[in-house]
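The block underneath contains the structure these notes are about, expressed in structure tokens.
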Amino acid sequence: MIVVLLFIAVLTSRAPVFNDFSYTYCAIMGLIASVAAFCQCTRFGRYLTKLRRTNVTLSTAMVLSGIFCIPASVPILLFFPSLCSWSQTLLFFVALPLAGVTVCGTLGLSLGKLTRQWKGWQVCCLVVLLLAGLVVVGGWEFYSRPHVYVYNVLCGYFPGNLYDLILKVPTPLWTVRVLQLLVASSLFLLIFGRGKRVAQSALLLASFVLLVFCREKIGLSYSKDDIASALGGRYESEHFDFIYPASAAFAPHIELIVADAEFRLQQVERRLDTQLTKKITAYYFESPEQKAKYIGAKNVYMAKPWRHEIYLHHLSFPHPVLRHEIAHVVAGEFGDPIFHTSSKKILGLPVLQNVALLEGIAVFADWPDKFTSDFTPHEVTAASNALGVRQPLASLEGVGFFSSSSHNSYMAAGSFVDFVNRQYGIGVVKELFASGGDMKGALGLSVGALEEQWVAFIQQRANESAKEVLQQQLRRPGVFAQKCRNATGRKIEDWKAAVRQHDDDDTLGALEELCSAQPNAAYWQREKAEYYMDRGNFAASALVLASLKDRQKWAWPQVALAMELQAKSFWLQGKWDDAVHVIQEARLGGALSSSQRRMLDVIGYGLENKKPSLLKLFWDDGELPFQVKLIAALLIDPEDDILRYLAARNNLHLETAESVKIVMEQLVESGSLPNSIYREALLLGAKASFLSCAPTRVRYFTKKLMAQEDKMSHHIAADWNDRLTFSSFIHCRAGAD
């Protein structure tokens, strides 16, 4: 068995996802080694005789159990120099494989002693049933509770998702491991030892009660009522039960948030031609950290369609992810009967999740993807196809979905579902989803034949700018292809901490490590160049920036960002004309995203008109917050349209919407704004008009948006107009105009 475990450990350590020896490697080896320890120690326990020295017996049991951890440690020792983070590997190894095999091995010895009179096949059946029971218990907790994480004796800890960049050993895992060890050791002493049985029984009972019946008290599990009680706020509407923080900050906004959810639900139902049959429970948290505590996913929004639940943290209105998560629940109405997802069946059970359809139908219902992109999913997929990084359809359906950048995979999945809808109708989309992707059954076509049609379809909708703007993003490796993700995440945290503490040496050291860890990430090179620049070392900064202007390696948006920093360097040295020239070149040299073009337009305006107070908003890294610097700039030049735009943009919320609406109307009518800022002013104006309960002014702004050339402006305008048709102005106490 040890040799088999060693063989598995070596193979696992060489596989993608597991080869960083962090959580994933320790978790899978912990699971395998714990099962092996339980089975083998059950056999050993049947032949052990009752020993008189209890402490020696327990020590022997734990050492015997720990032997099954040795194979998992061999690859770590062999490849120690290549470990991403030896400290994190050590923590995960102790908490997952080592603790797991010790608990399971000790329990196995106790079980073996109890069943020493049984026949071999009877013991085997019992072992299989117990292991299956442990798996079912863990699965049931994931299925029946809001949180996505699971604490289990076999796997130790399952976080529920792998998208969060930083994955640490959670504090409750140490608690649960200590309690599991107490249960296993006290049970062992009761069965093998003599004397003090009352104390041993009390210890066993107390540990077991804490572990099984007091999970909420020690942070291992939370029910819906637990979370509702902790957050304190609850608001019910026709289709939603919102659980939210009962704080003064949320009180004025909750009606608007719920009304937004009702509107998005109506859109999703119409798009999917499906009616919701049960209320959706929306857990709406104040921050990612609060969501991570109760749900387990920090920077990831999630849904459990079978529970009719969605999990979000607060973002500004309108929430960019709300409709996507609602779509998962509504699509569950025609999904499989157990998980309400798109699953292929094995032996009648929905086991194989079709990730392409699961996420694709949510992107399709949320078309064209949260309104945060300049391009539709079809344009993004056409760009990835032209760059040679588009995922094949067959690969998208399974774990291959996670092998390329998430933007690439999600957009491709949404593009495919929209293609099927346009070509064959929503009925076929729903049939495909319900069958887990049975192309032959739903369409009479093979995956290859359907993919050919889809590729031809998206090529007709290609946007050449998308290829240039999204090149670096689309070529980014996926979550399963990124080695040392957790270690890199911790280096980022170290860098942020060093910046906050103004520790120059640690800041530079962290930047050097990040540049080495992610050589294809231009961001860290730019941060390094800016570090030198802000300390007056313009020569070192220029050397770094020169490497970022290599057009053979970097797409134009990355080159333009480097040129912006070069312009800052000239400005800091008093070379205004050189700075103006560089910014002009950056603006005209190639395709840029709307946000980047808007930034360059603002900076270009500040340079050309010699406005240092405006430039300091972006290029002065002093202690003053942005809002304070903005107020100071407005005091110097209160009539400047760009400053007025920035002030309104950074102060738009429910209470200030009326004044922002007025400012945006004035700026739009003035005709003084560059086109990139003019478009943004229209978007902000439509939002401010809705928040200030002025539907006629919403139409004013959306009409001008429809006159813009880009497709996304048309989609956004149509969405605001659709919102007016839904006419939810519940936040307007005095009514809408």
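FYI, nothing fancy with the structure tokens labels: chains A, B, ... in order, residues from 1 per chain, ligands from 1 as they appear.
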Q: Write out as number ranges by chain the residues lying within 9 Å of stretch 399-413 of chain A, counting only C-alpha atoms and excluding same-chain residues fewer than 3 positions away.
A: A: 355-361, 363-364, 369, 376-382, 384, 389-396, 416-418, 473-482
Please identify every residue of stretch 123-239 of chain A that has at least one atom no farther than 12 Å from an atom of stretch 5-27 of chain A, counting only C-alpha atoms, and for each give the shortest atom pair and the distance in Å to one decimal, arranged by chain then increasing number, as CSV.
```
residue,atom,partner,partner_atom,distance
A:Tyr151,CA,A:Ala27,CA,11.7
A:Asn152,CA,A:Ala27,CA,11.2
A:Val153,CA,A:Ala27,CA,11.5
A:Leu154,CA,A:Ala27,CA,9.2
A:Cys155,CA,A:Ala27,CA,6.1
A:Gly156,CA,A:Ala27,CA,7.3
A:Tyr157,CA,A:Ala27,CA,7.5
A:Phe158,CA,A:Ala27,CA,8.0
A:Pro159,CA,A:Tyr23,CA,9.8
A:Asn161,CA,A:Thr24,CA,11.4
A:Leu162,CA,A:Thr24,CA,9.3
A:Leu165,CA,A:Tyr23,CA,12.0
A:Ile166,CA,A:Tyr23,CA,10.4
A:Leu167,CA,A:Tyr23,CA,7.5
A:Lys168,CA,A:Tyr23,CA,8.3
A:Val169,CA,A:Tyr23,CA,8.5
A:Pro170,CA,A:Tyr23,CA,11.5
```
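When only C-alpha atoms are used to measure the gap to A:Lys496, the shortest distance among A:Cys484, A:Leu511, A:Ala632, A:Leu231 belongs to A:Leu511.
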Q.
So that I can check the surroundings of A:Ala362, please list as a PyMOL selection string every protein, DNA and RNA residue that reaches within 6 Å of it, counting only C-alpha atoms and ignoring chain neighbours fewer than 5 positions away.
A. chain A and resi 324+327-328
Q: Name the residues of stretch 238-459 of chain A that fall into helix (DSSP H, G or I) according to DSSP on the backbone, using the chain letters and numbers of this document, as number ranges by chain.
A: A: 254-272, 288-294, 305-307, 322-334, 355-365, 377-387, 393-396, 399-402, 406-424, 426-435, 439-443, 447-459
Q: Write out as an MDAnalysis selection string the residues lying within 10 Å of A:Leu572, counting only C-alpha atoms and excluding same-chain residues fewer than 2 positions away.
A: chainID A and resid 533:534 536 538 566:570 574:576 579 619:620
**Q.** Selection near A:Lys440, 12 Å with only C-alpha atoms, sequence-local residues under 5 positions removed, as a list in words
**A.** Val428, Glu431, Leu432, Ser435, Leu445, Ser446, Val447, Gly448, Ala449 and Leu450 of chain A
Save the residues we just selected, N, CA and C atoms, as a PDB file, in the first residue's frame?
```pdb
ATOM      1  N   VAL A 428     -34.450  24.734 -27.962  1.00  0.00           N
ATOM      2  CA  VAL A 428     -33.294  23.849 -28.145  1.00  0.00           C
ATOM      3  C   VAL A 428     -32.227  24.154 -27.088  1.00  0.00           C
ATOM      4  N   GLU A 431     -33.327  22.430 -24.023  1.00  0.00           N
ATOM      5  CA  GLU A 431     -33.172  20.973 -24.162  1.00  0.00           C
ATOM      6  C   GLU A 431     -31.711  20.565 -24.015  1.00  0.00           C
ATOM      7  N   LEU A 432     -30.816  21.351 -24.627  1.00  0.00           N
ATOM      8  CA  LEU A 432     -29.384  21.085 -24.477  1.00  0.00           C
ATOM      9  C   LEU A 432     -28.965  21.177 -23.015  1.00  0.00           C
ATOM     10  N   SER A 435     -30.219  18.235 -20.916  1.00  0.00           N
ATOM     11  CA  SER A 435     -29.584  16.948 -21.231  1.00  0.00           C
ATOM     12  C   SER A 435     -28.099  16.929 -20.904  1.00  0.00           C
ATOM     13  N   LEU A 445     -26.751  16.837 -34.519  1.00  0.00           N
ATOM     14  CA  LEU A 445     -25.435  17.208 -35.020  1.00  0.00           C
ATOM     15  C   LEU A 445     -24.360  16.775 -34.041  1.00  0.00           C
ATOM     16  N   SER A 446     -23.190  16.478 -34.564  1.00  0.00           N
ATOM     17  CA  SER A 446     -22.052  16.183 -33.695  1.00  0.00           C
ATOM     18  C   SER A 446     -21.500  17.481 -33.134  1.00  0.00           C
ATOM     19  N   VAL A 447     -20.676  17.351 -32.107  1.00  0.00           N
ATOM     20  CA  VAL A 447     -20.057  18.540 -31.512  1.00  0.00           C
ATOM     21  C   VAL A 447     -19.212  19.265 -32.556  1.00  0.00           C
ATOM     22  N   GLY A 448     -18.477  18.520 -33.353  1.00  0.00           N
ATOM     23  CA  GLY A 448     -17.620  19.126 -34.374  1.00  0.00           C
ATOM     24  C   GLY A 448     -18.404  19.894 -35.411  1.00  0.00           C
ATOM     25  N   ALA A 449     -19.514  19.320 -35.884  1.00  0.00           N
ATOM     26  CA  ALA A 449     -20.327  19.991 -36.902  1.00  0.00           C
ATOM     27  C   ALA A 449     -20.952  21.273 -36.360  1.00  0.00           C
ATOM     28  N   LEU A 450     -21.413  21.208 -35.119  1.00  0.00           N
ATOM     29  CA  LEU A 450     -22.017  22.394 -34.509  1.00  0.00           C
ATOM     30  C   LEU A 450     -20.966  23.475 -34.268  1.00  0.00           C
TER      31      LEU A 450
END
```
